[in-house]
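Q: What follows is my_file05.tsv; its format and atoms are TSV, C-alpha atoms and all ligand atoms.
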```tsv
chain	number	residue	atom	x	y	z
A	106	MET	CA	6.71	-9.25	-20.75
A	107	PRO	CA	10.35	-9.80	-19.78
A	108	VAL	CA	12.09	-12.80	-21.30
A	109	GLY	CA	14.55	-15.06	-19.51
A	110	GLY	CA	17.57	-13.13	-20.76
A	111	GLU	CA	16.27	-9.94	-19.14
A	112	LEU	CA	15.60	-11.72	-15.88
A	113	GLU	CA	19.14	-13.04	-15.82
A	114	ALA	CA	20.35	-9.43	-15.73
A	115	LEU	CA	18.48	-8.83	-12.47
A	116	GLU	CA	20.32	-9.95	-9.38
A	117	PHE	CA	17.24	-11.05	-7.46
A	118	TYR	CA	16.07	-13.40	-10.20
A	119	ARG	CA	19.52	-14.60	-11.21
A	120	SER	CA	19.77	-16.53	-7.96
A	121	ARG	CA	16.32	-18.01	-8.55
A	122	LEU	CA	16.68	-19.42	-12.05
A	123	ASP	CA	16.90	-23.17	-12.23
A	124	ALA	CA	18.91	-25.14	-14.79
A	125	GLU	CA	16.14	-24.69	-17.38
A	126	GLY	CA	15.97	-20.93	-16.82
A	127	ASN	CA	12.68	-21.09	-14.91
A	128	VAL	CA	12.18	-18.82	-11.92
A	129	ARG	CA	11.79	-20.54	-8.58
A	130	PRO	CA	8.83	-19.14	-6.59
A	131	TRP	CA	9.53	-16.36	-4.08
A	132	ASP	CA	7.75	-14.05	-1.65
A	133	VAL	CA	8.31	-10.90	0.45
A	134	ASP	CA	10.64	-12.73	2.84
A	135	ASP	CA	12.98	-13.35	-0.08
A	136	LEU	CA	12.78	-9.67	-1.01
A	137	ALA	CA	13.52	-8.65	2.58
A	138	GLU	CA	16.54	-10.90	2.70
A	139	PHE	CA	17.85	-9.37	-0.51
A	140	ALA	CA	17.03	-5.77	0.47
A	141	GLY	CA	19.00	-6.26	3.67
A	142	HIS	CA	22.16	-5.91	1.59
A	143	GLY	CA	21.51	-2.22	0.87
A	144	ASP	CA	19.37	-2.23	-2.28
A	145	PRO	CA	15.80	-1.07	-1.54
A	146	PHE	CA	14.65	-2.50	-4.88
A	147	ALA	CA	16.01	-5.87	-3.71
A	148	GLY	CA	17.81	-6.60	-6.95
A	149	ARG	CA	14.64	-6.47	-9.09
A	150	VAL	CA	15.65	-3.32	-10.96
A	151	ALA	CA	18.72	-3.16	-13.19
A	152	PRO	CA	21.72	-1.43	-11.56
A	153	GLY	CA	21.61	2.33	-12.17
A	154	ASP	CA	18.04	2.19	-13.43
A	155	ARG	CA	15.48	4.31	-11.60
A	156	PRO	CA	11.78	3.80	-12.36
A	157	THR	CA	9.56	6.85	-12.74
A	158	LEU	CA	7.39	5.73	-9.82
A	159	SER	CA	8.62	3.96	-6.70
A	160	PHE	CA	6.47	2.62	-3.88
A	161	GLN	CA	7.55	1.41	-0.47
A	162	LEU	CA	5.92	-1.88	0.47
A	163	GLU	CA	3.94	-2.00	3.74
A	164	VAL	CA	5.50	-5.37	4.48
A	165	PRO	CA	8.19	-5.93	5.49
A	166	GLU	CA	8.60	-2.85	7.66
A	167	GLU	CA	12.35	-3.53	7.93
A	168	PRO	CA	14.36	-3.57	5.81
A	169	VAL	CA	12.60	-1.11	3.54
A	170	VAL	CA	11.64	-2.62	0.16
A	171	TRP	CA	10.56	-0.63	-2.87
A	172	ILE	CA	8.88	-1.63	-6.06
A	173	GLY	CA	9.21	0.46	-9.19
A	174	ALA	CA	7.04	0.99	-12.24
A	175	GLU	CA	6.33	3.23	-15.17
A	176	PRO	CA	3.01	5.11	-15.43
A	177	ALA	CA	1.63	2.65	-18.01
A	178	GLU	CA	2.34	-0.26	-15.66
A	179	VAL	CA	0.64	1.51	-12.77
A	180	TYR	CA	-2.33	2.16	-15.04
A	181	ALA	CA	-2.51	-1.57	-15.80
A	182	TRP	CA	-2.42	-2.26	-12.04
A	183	SER	CA	-5.33	0.17	-11.65
A	184	MET	CA	-7.28	-1.93	-14.17
A	185	ALA	CA	-7.37	-4.68	-11.53
A	186	LEU	CA	-9.01	-2.24	-9.12
A	187	GLU	CA	-11.43	-1.01	-11.77
A	188	GLN	CA	-12.49	-4.60	-12.46
A	189	SER	CA	-12.92	-5.17	-8.72
A	190	LEU	CA	-15.18	-2.14	-8.26
A	191	ARG	CA	-17.19	-3.09	-11.34
A	192	LEU	CA	-17.55	-6.71	-10.17
A	193	TRP	CA	-18.91	-5.39	-6.88
A	194	GLY	CA	-21.43	-3.21	-8.69
A	195	LEU	CA	-20.15	0.34	-8.29
A	196	GLY	CA	-21.10	2.81	-10.99
A	197	PRO	CA	-21.70	6.44	-11.92
A	198	GLY	CA	-22.80	8.68	-9.06
A	199	ASP	CA	-21.65	6.32	-6.30
A	200	THR	CA	-19.34	7.42	-3.51
A	201	LEU	CA	-16.64	5.08	-2.24
A	202	ALA	CA	-15.08	5.69	1.18
A	203	LEU	CA	-11.52	4.44	1.53
A	204	PHE	CA	-10.60	3.73	5.14
A	205	ASP	CA	-7.12	2.49	4.46
A	206	TYR	CA	-3.57	3.85	4.53
A	207	GLY	CA	-2.88	6.49	1.91
A	208	SER	CA	-0.08	4.27	0.59
A	209	SER	CA	-2.43	1.36	-0.11
A	210	PRO	CA	-2.94	0.57	-3.81
A	211	LEU	CA	-6.68	0.55	-3.12
A	212	VAL	CA	-6.33	4.26	-2.41
A	213	LEU	CA	-3.54	5.21	-4.79
A	214	LEU	CA	-5.02	3.50	-7.84
A	215	SER	CA	-8.54	4.81	-7.31
A	216	SER	CA	-8.07	8.44	-8.29
A	217	SER	CA	-5.64	10.83	-9.92
A	218	ALA	CA	-6.15	12.98	-6.83
A	219	TYR	CA	-3.84	10.52	-5.10
A	220	LEU	CA	-1.64	9.55	-8.06
A	221	PRO	CA	-1.70	12.14	-10.87
A	222	TYR	CA	0.31	9.86	-13.20
A	223	LEU	CA	-2.85	7.80	-13.67
A	224	GLY	CA	-4.62	10.53	-15.63
A	225	GLN	CA	-7.84	8.96	-14.41
A	226	GLY	CA	-7.95	6.51	-11.55
A	227	ALA	CA	-9.96	3.28	-11.40
A	228	ALA	CA	-12.91	4.80	-9.54
A	229	GLN	CA	-12.93	7.95	-11.67
A	230	ARG	CA	-13.19	5.87	-14.82
A	231	LEU	CA	-16.38	4.35	-13.41
A	232	GLY	CA	-17.81	7.73	-12.45
A	233	VAL	CA	-17.29	6.97	-8.76
A	234	THR	CA	-16.28	9.67	-6.26
A	235	THR	CA	-13.74	8.67	-3.63
A	236	VAL	CA	-12.99	10.00	-0.18
A	237	CYS	CA	-10.02	8.72	1.82
A	238	SER	CA	-9.49	8.75	5.55
A	239	ASP	CA	-6.07	7.38	6.40
A	240	GLY	CA	-6.94	4.29	8.34
A	241	VAL	CA	-5.58	4.25	11.83
A	242	ALA	CA	-7.63	3.15	14.78
A	243	ASN	CA	-7.76	6.59	16.43
A	244	ALA	CA	-9.42	7.91	13.25
A	245	ALA	CA	-12.56	5.92	14.06
A	246	ASP	CA	-14.66	8.98	14.87
A	247	ARG	CA	-13.57	10.66	11.65
A	248	MET	CA	-14.62	7.55	9.71
A	249	ALA	CA	-18.00	7.53	11.43
A	250	GLU	CA	-18.46	11.21	10.66
A	251	THR	CA	-17.58	10.55	7.01
A	252	VAL	CA	-20.22	7.83	6.89
A	253	GLU	CA	-22.79	10.10	8.50
A	254	MET	CA	-22.09	13.03	6.17
A	255	LEU	CA	-21.56	11.25	2.85
A	256	ASP	CA	-23.57	8.04	3.19
A	257	PRO	CA	-21.13	6.19	0.88
A	258	ALA	CA	-22.36	3.42	-1.42
A	259	ALA	CA	-19.42	1.25	-0.39
A	260	ILE	CA	-16.42	1.20	1.93
A	261	VAL	CA	-12.90	-0.18	1.59
A	262	LEU	CA	-11.83	-1.05	5.11
A	263	ARG	CA	-8.64	-2.40	6.65
A	264	ALA	CA	-9.43	-5.49	8.68
A	265	GLU	CA	-8.08	-4.01	11.93
A	266	LEU	CA	-10.53	-1.09	11.68
A	267	VAL	CA	-13.73	-3.15	11.82
A	268	VAL	CA	-14.08	-3.01	15.59
A	269	PRO	CA	-13.09	0.71	15.99
A	270	LEU	CA	-15.50	1.70	13.19
A	271	ALA	CA	-18.35	-0.37	14.60
A	272	GLY	CA	-17.79	1.26	18.02
A	273	ALA	CA	-17.65	4.80	16.61
A	274	LEU	CA	-20.84	4.26	14.58
A	275	ARG	CA	-22.59	2.96	17.67
A	276	ARG	CA	-21.47	5.92	19.80
A	277	ARG	CA	-22.73	8.41	17.20
A	278	GLY	CA	-25.93	6.49	16.56
A	279	VAL	CA	-25.12	6.18	12.85
A	280	ARG	CA	-26.45	3.23	10.89
A	281	LEU	CA	-24.30	1.98	8.03
A	282	ARG	CA	-26.39	1.81	4.85
A	283	CYS	CA	-23.69	1.04	2.27
A	284	ARG	CA	-24.06	-1.86	-0.18
A	285	TRP	CA	-20.82	-3.58	0.81
A	286	VAL	CA	-17.57	-3.35	2.69
A	287	ALA	CA	-14.37	-4.55	1.02
A	288	LEU	CA	-12.07	-5.91	3.70
A	289	CYS	CA	-8.33	-5.78	3.09
A	290	CYS	CA	-4.98	-6.30	4.75
A	291	SER	CA	-1.47	-5.40	3.70
A	292	GLU	CA	-0.43	-8.82	2.36
A	293	GLY	CA	-2.68	-11.65	1.21
A	294	ALA	CA	-6.37	-11.59	2.12
A	295	PRO	CA	-8.28	-11.47	5.40
A	296	ARG	CA	-9.47	-14.92	6.45
A	297	ARG	CA	-13.04	-15.95	5.74
A	298	VAL	CA	-13.81	-15.89	9.47
A	299	GLU	CA	-12.68	-12.24	9.64
A	300	ALA	CA	-15.09	-11.33	6.84
A	301	HIS	CA	-17.87	-13.10	8.70
A	302	ALA	CA	-17.04	-11.16	11.88
A	303	CYS	CA	-17.12	-7.91	9.87
A	304	GLU	CA	-20.58	-8.76	8.52
A	305	GLN	CA	-21.75	-9.41	12.07
A	306	ALA	CA	-20.23	-6.21	13.46
A	307	LEU	CA	-21.32	-3.83	10.69
A	308	GLN	CA	-24.39	-5.68	9.38
A	309	VAL	CA	-23.25	-5.15	5.80
A	310	PRO	CA	-22.26	-7.70	3.09
A	311	THR	CA	-18.50	-8.06	3.14
A	312	ARG	CA	-16.18	-8.80	0.23
A	313	ARG	CA	-12.48	-9.48	0.63
A	314	VAL	CA	-9.50	-8.15	-1.30
A	315	LEU	CA	-6.40	-10.18	-2.09
A	316	ARG	CA	-3.24	-8.07	-2.19
A	317	ALA	CA	0.36	-8.83	-3.07
A	318	ASP	CA	1.86	-5.40	-3.65
A	319	ALA	CA	5.35	-6.78	-4.28
A	320	ALA	CA	3.93	-8.34	-7.45
A	321	PHE	CA	1.34	-5.65	-8.30
A	322	VAL	CA	-1.47	-8.09	-7.50
A	323	LEU	CA	-4.93	-6.92	-6.51
A	324	ALA	CA	-7.86	-9.32	-6.77
A	325	PRO	CA	-11.50	-9.07	-5.68
A	326	GLU	CA	-13.53	-11.78	-3.98
A	327	CYS	CA	-16.37	-12.57	-6.32
A	328	PRO	CA	-19.92	-12.46	-4.88
A	329	THR	CA	-20.98	-15.16	-7.35
A	330	CYS	CA	-18.37	-17.86	-6.74
A	331	ASP	CA	-16.64	-16.74	-3.48
A	332	ARG	CA	-13.26	-17.01	-5.23
A	333	PHE	CA	-10.75	-14.28	-5.98
A	334	HIS	CA	-10.63	-13.32	-9.65
A	335	LEU	CA	-7.37	-12.50	-11.44
A	336	ASP	CA	-7.80	-11.19	-14.96
A	337	SER	CA	-5.95	-13.32	-17.48
A	338	ASP	CA	-4.92	-10.22	-19.45
A	339	LEU	CA	-3.05	-8.94	-16.39
A	340	TYR	CA	-1.86	-12.06	-14.59
A	341	ARG	CA	-0.87	-15.67	-15.16
A	342	LEU	CA	-1.51	-18.24	-12.45
A	343	GLU	CA	0.59	-21.40	-12.10
A	344	THR	CA	0.87	-24.17	-9.58
A	345	VAL	CA	4.56	-24.83	-9.02
A	346	GLN	CA	5.57	-27.68	-6.71
A	347	GLY	CA	2.13	-27.59	-5.12
A	348	ALA	CA	2.15	-23.82	-4.48
A	349	VAL	CA	0.07	-21.19	-6.26
A	350	THR	CA	2.18	-18.55	-7.98
A	351	VAL	CA	1.26	-15.48	-9.97
A	352	THR	CA	3.18	-13.78	-12.75
A	353	THR	CA	2.24	-10.19	-13.49
A	354	LEU	CA	2.16	-9.72	-17.24
A	355	PHE	CA	2.40	-5.91	-17.25
A	356	ALA	CA	5.33	-5.62	-14.83
A	357	ARG	CA	8.45	-4.91	-16.84
A	358	ARG	CA	10.54	-2.39	-14.94
A	359	CYS	CA	10.31	-4.47	-11.78
A	360	PRO	CA	9.42	-7.95	-13.11
A	361	SER	CA	7.16	-10.15	-11.03
A	362	HIS	CA	7.61	-13.77	-12.01
A	363	ARG	CA	6.15	-16.60	-9.98
A	364	TYR	CA	5.27	-14.74	-6.81
A	365	LEU	CA	4.02	-17.15	-4.12
A	366	LEU	CA	0.39	-16.51	-3.18
A	367	GLY	CA	0.72	-17.74	0.39
A	368	ALA	CA	-2.37	-19.56	1.59
A	369	ALA	CA	-4.12	-19.52	-1.80
A	370	GLY	CA	-5.48	-22.56	-3.58
A	371	ALA	CA	-6.04	-22.59	-7.34
A	372	ASP	CA	-9.43	-23.21	-8.94
A	373	SER	CA	-10.14	-23.56	-12.63
A	374	PRO	CA	-11.60	-20.57	-14.48
A	375	GLY	CA	-15.29	-20.62	-15.34
A	376	CYS	CA	-17.18	-18.24	-13.06
A	377	PRO	CA	-20.28	-16.93	-14.87
A	378	ALA	CA	-19.38	-13.41	-13.71
A	379	ALA	CA	-15.97	-13.54	-15.46
A	380	PRO	CA	-15.50	-16.79	-17.41
A	381	GLY	CA	-11.91	-16.06	-18.48
A	382	SER	CA	-10.51	-15.04	-15.08
A	383	TRP	CA	-8.13	-17.14	-13.02
A	384	ARG	CA	-9.63	-18.03	-9.68
A	385	VAL	CA	-8.07	-18.65	-6.28
A	386	ARG	CA	-9.47	-19.72	-2.93
A	387	TRP	CA	-8.34	-18.16	0.33
A	388	ASP	CA	-10.15	-19.48	3.39
B	401	ZN	ZN	-16.65	-15.56	-9.59
```
Just give me the structure of the file as structure tokens.
Ligand SMILES: [Zn+2]
A:
Amino acid sequence: MPVGGELEALEFYRSRLDAEGNVRPWDVDDLAEFAGHGDPFAGRVAPGDRPTLSFQLEVPEEPVVWIGAEPAEVYAWSMALEQSLRLWGLGPGDTLALFDYGSSPLVLLSSSAYLPYLGQGAAQRLGVTTVCSDGVANAADRMAETVEMLDPAAIVLRAELVVPLAGALRRRGVRLRCRWVALCCSEGAPRRVEAHACEQALQVPTRRVLRADAAFVLAPECPTCDRFHLDSDLYRLETVQGAVTVTTLFARRCPSHRYLLGAAGADSPGCPAAPGSWRVRWD
């Protein structure tokens, strides 16, 4: 984990260190402001340094912002997805349909078919087969056909695709028989009311995913406690000036200290399903 001295070498953090050397919380708007000056890494990577892997964030669309990582860091990020799939009960022989953009970490981290640097992706390590259909609304019929042909055990679904998928399934006369749908969006988590609407539209239990790609954060909504779990080996949660922030312990090349988790509220650990995990609410 980077120490204060290393952070001081990074332009983005230098302007956010207080008198005690603590990082003031930040979010994607701060990155966008910084990236507007011509550095797509927004001052989070040392000058002249180029990470092995670079990813463009979905938000903001302009200016373009990249995050960078080494393969071992991306593997650690994929552990968060593996824990999510395990928490939701996926296992050997299951098929997971990914109806999300190909650039989404839920896709990229699932299989080495999408990111060979992983060796084995999160789903592969669980013995789960993945199929991805890049999630745009006009792909609704392709998604419905995938459901009809493969009968997946579970589906990762972008929130804006609920209505198009429900319509396409209805038109084809296909009944969704999967165990759950994991609803996601590009930053933060879908609201609770959106998950409820998805359950109504698709008649399938719906879990939500919390994403903060700028900080390599991916957290599953727990079916036991309805909170989002963040593994304490991967992340550290803090409440700073009333706001929930997350520090990503494995992020070194592109450090992620005290990222603001938007609308999240912090709960104490103690869920029976994962007693050591941090927990956040997102209504
Ligand atoms: Zn829980």
Q: Between A:Leu112, A:Cys327, A:Val268, A:Leu136, which has the minimum distance to Val170 of chain A (counting all atoms listed in the file)?
A: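 Nearest to Val170 of chain A: A:Leu136.
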Q: Can you pull out every residue within 10 Å of Trp131 of chain A, counting all atoms listed in the file, but drop anything in the same chain fewer than 2 positions away, and send it as a list in words?
A: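 Once the adjacent positions are removed, what remains is Phe117, Tyr118, Arg121, Val128, Arg129, Val133, Asp134, Asp135, Leu136, Thr350, Ser361, His362, Arg363, Tyr364, Leu365, Leu366 and Gly367 of chain A.
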Q: Could you tell me how far atom CA of Pro176 of chain A lies from atom CA of Gln161 of chain A, in Å and to one decimal?
A: 16.1 Å
Q: Using all atoms listed in the file, find each protein or nucleic acid residue lying at most 6 Å from ligand ZN 401 (chain B); present the set as a list in words.
A: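 Within the 6 Å cut-off, the matching residues are Cys327, Thr329, Cys330, Arg332, Cys376 and Ala378 of chain A.
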Q: Report, in Å with one decimal, the straight-line distance from atom CA of Pro168 of chain A to atom CA of Arg357 of chain A.
A: 23.4 Å
Q: For Leu190 of chain A, which of A:Phe139, A:Trp285, A:Tyr222, A:Phe146 is the closest residue, counting all atoms listed in the file?
A: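 Of A:Phe139, A:Trp285, A:Tyr222, A:Phe146, the one nearest Leu190 of chain A, counting all atoms listed in the file, is A:Trp285.
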Q: Work out how far atom CA of Asp239 of chain A is from atom CA of Gly207 of chain A, in Å to one decimal.
A: 5.6 Å
Q: Got a sec: who's within 7 Å of segment 309-326 of chain A, counting only C-alpha atoms, leaving out chain neighbours fewer than 3 positions off, as JSON, numbers by chain?
A: {"A": [133, 162, 172, 182, 185, 186, 189, 284, 285, 286, 287, 288, 289, 291, 292, 293, 294, 295, 300, 303, 304, 331, 332, 333, 334, 335, 353, 361, 364]}
Q: Distance table requested - segment 117-215 of chain A against segment 251-266 of chain A, cut-off 6 Å, all atoms listed in the file: one row per qualifying residue with the closest atom pair and its distance in Å to one decimal, ordered by chain and rising residue number, as CSV.
A:
```
residue,atom,partner,partner_atom,distance
A:Asp199,CA,A:Ala258,CA,5.7
A:Thr200,CA,A:Pro257,CA,4.9
A:Leu201,CA,A:Ala259,CA,5.1
A:Ala202,CA,A:Ile260,CA,4.7
A:Leu203,CA,A:Val261,CA,4.8
A:Phe204,CA,A:Leu262,CA,4.9
A:Asp205,CA,A:Arg263,CA,5.6
```
Q: Write out, as CSV, each residue of segment 161-255 of chain A that has an atom at most 7 Å from segment 150-157 of chain A, together with the closest pair of atoms and their distance in Å to one decimal, counting only C-alpha atoms, rows going by chain and rising number.
A:
```
residue,atom,partner,partner_atom,distance
A:Gly173,CA,A:Pro156,CA,5.3
A:Ala174,CA,A:Pro156,CA,5.5
A:Glu175,CA,A:Thr157,CA,5.4
```
Q: Keeping C-alpha atoms, export the residues of the selection given above as a CSV table (one decimal), in the frame of the given file.
A:
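Once everything was written out, this is result-v5.csv:
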```
chain,number,residue,atom,x,y,z
A,173,GLY,CA,9.2,0.5,-9.2
A,174,ALA,CA,7.0,1.0,-12.2
A,175,GLU,CA,6.3,3.2,-15.2
```
Q: With all atoms listed in the file as the counted atoms, please give the residues lying no more than 7 Å from segment 192-197 of chain A, apart from itself and same-chain residues fewer than 5 positions off, as a list in words.
A: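 Once the nearby chain positions are removed, what remains is Leu231, Gly232 and Val233 of chain A.
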Q: Using all atoms listed in the file for the distances, tell me which of A:Asp388, A:Glu116, A:Asp123, A:Glu166 is nearest to Ala147 of chain A.
A: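 The shortest atom-to-atom distance to Ala147 of chain A comes from A:Glu116.
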Q: Using only C-alpha atoms, which of the listed residues (A:Asn243, A:Val349, A:Ser208, A:Ala379) sits closest to Arg191 of chain A?
A: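 Residue with the minimum atom-to-atom distance to Arg191 of chain A: A:Ala379.
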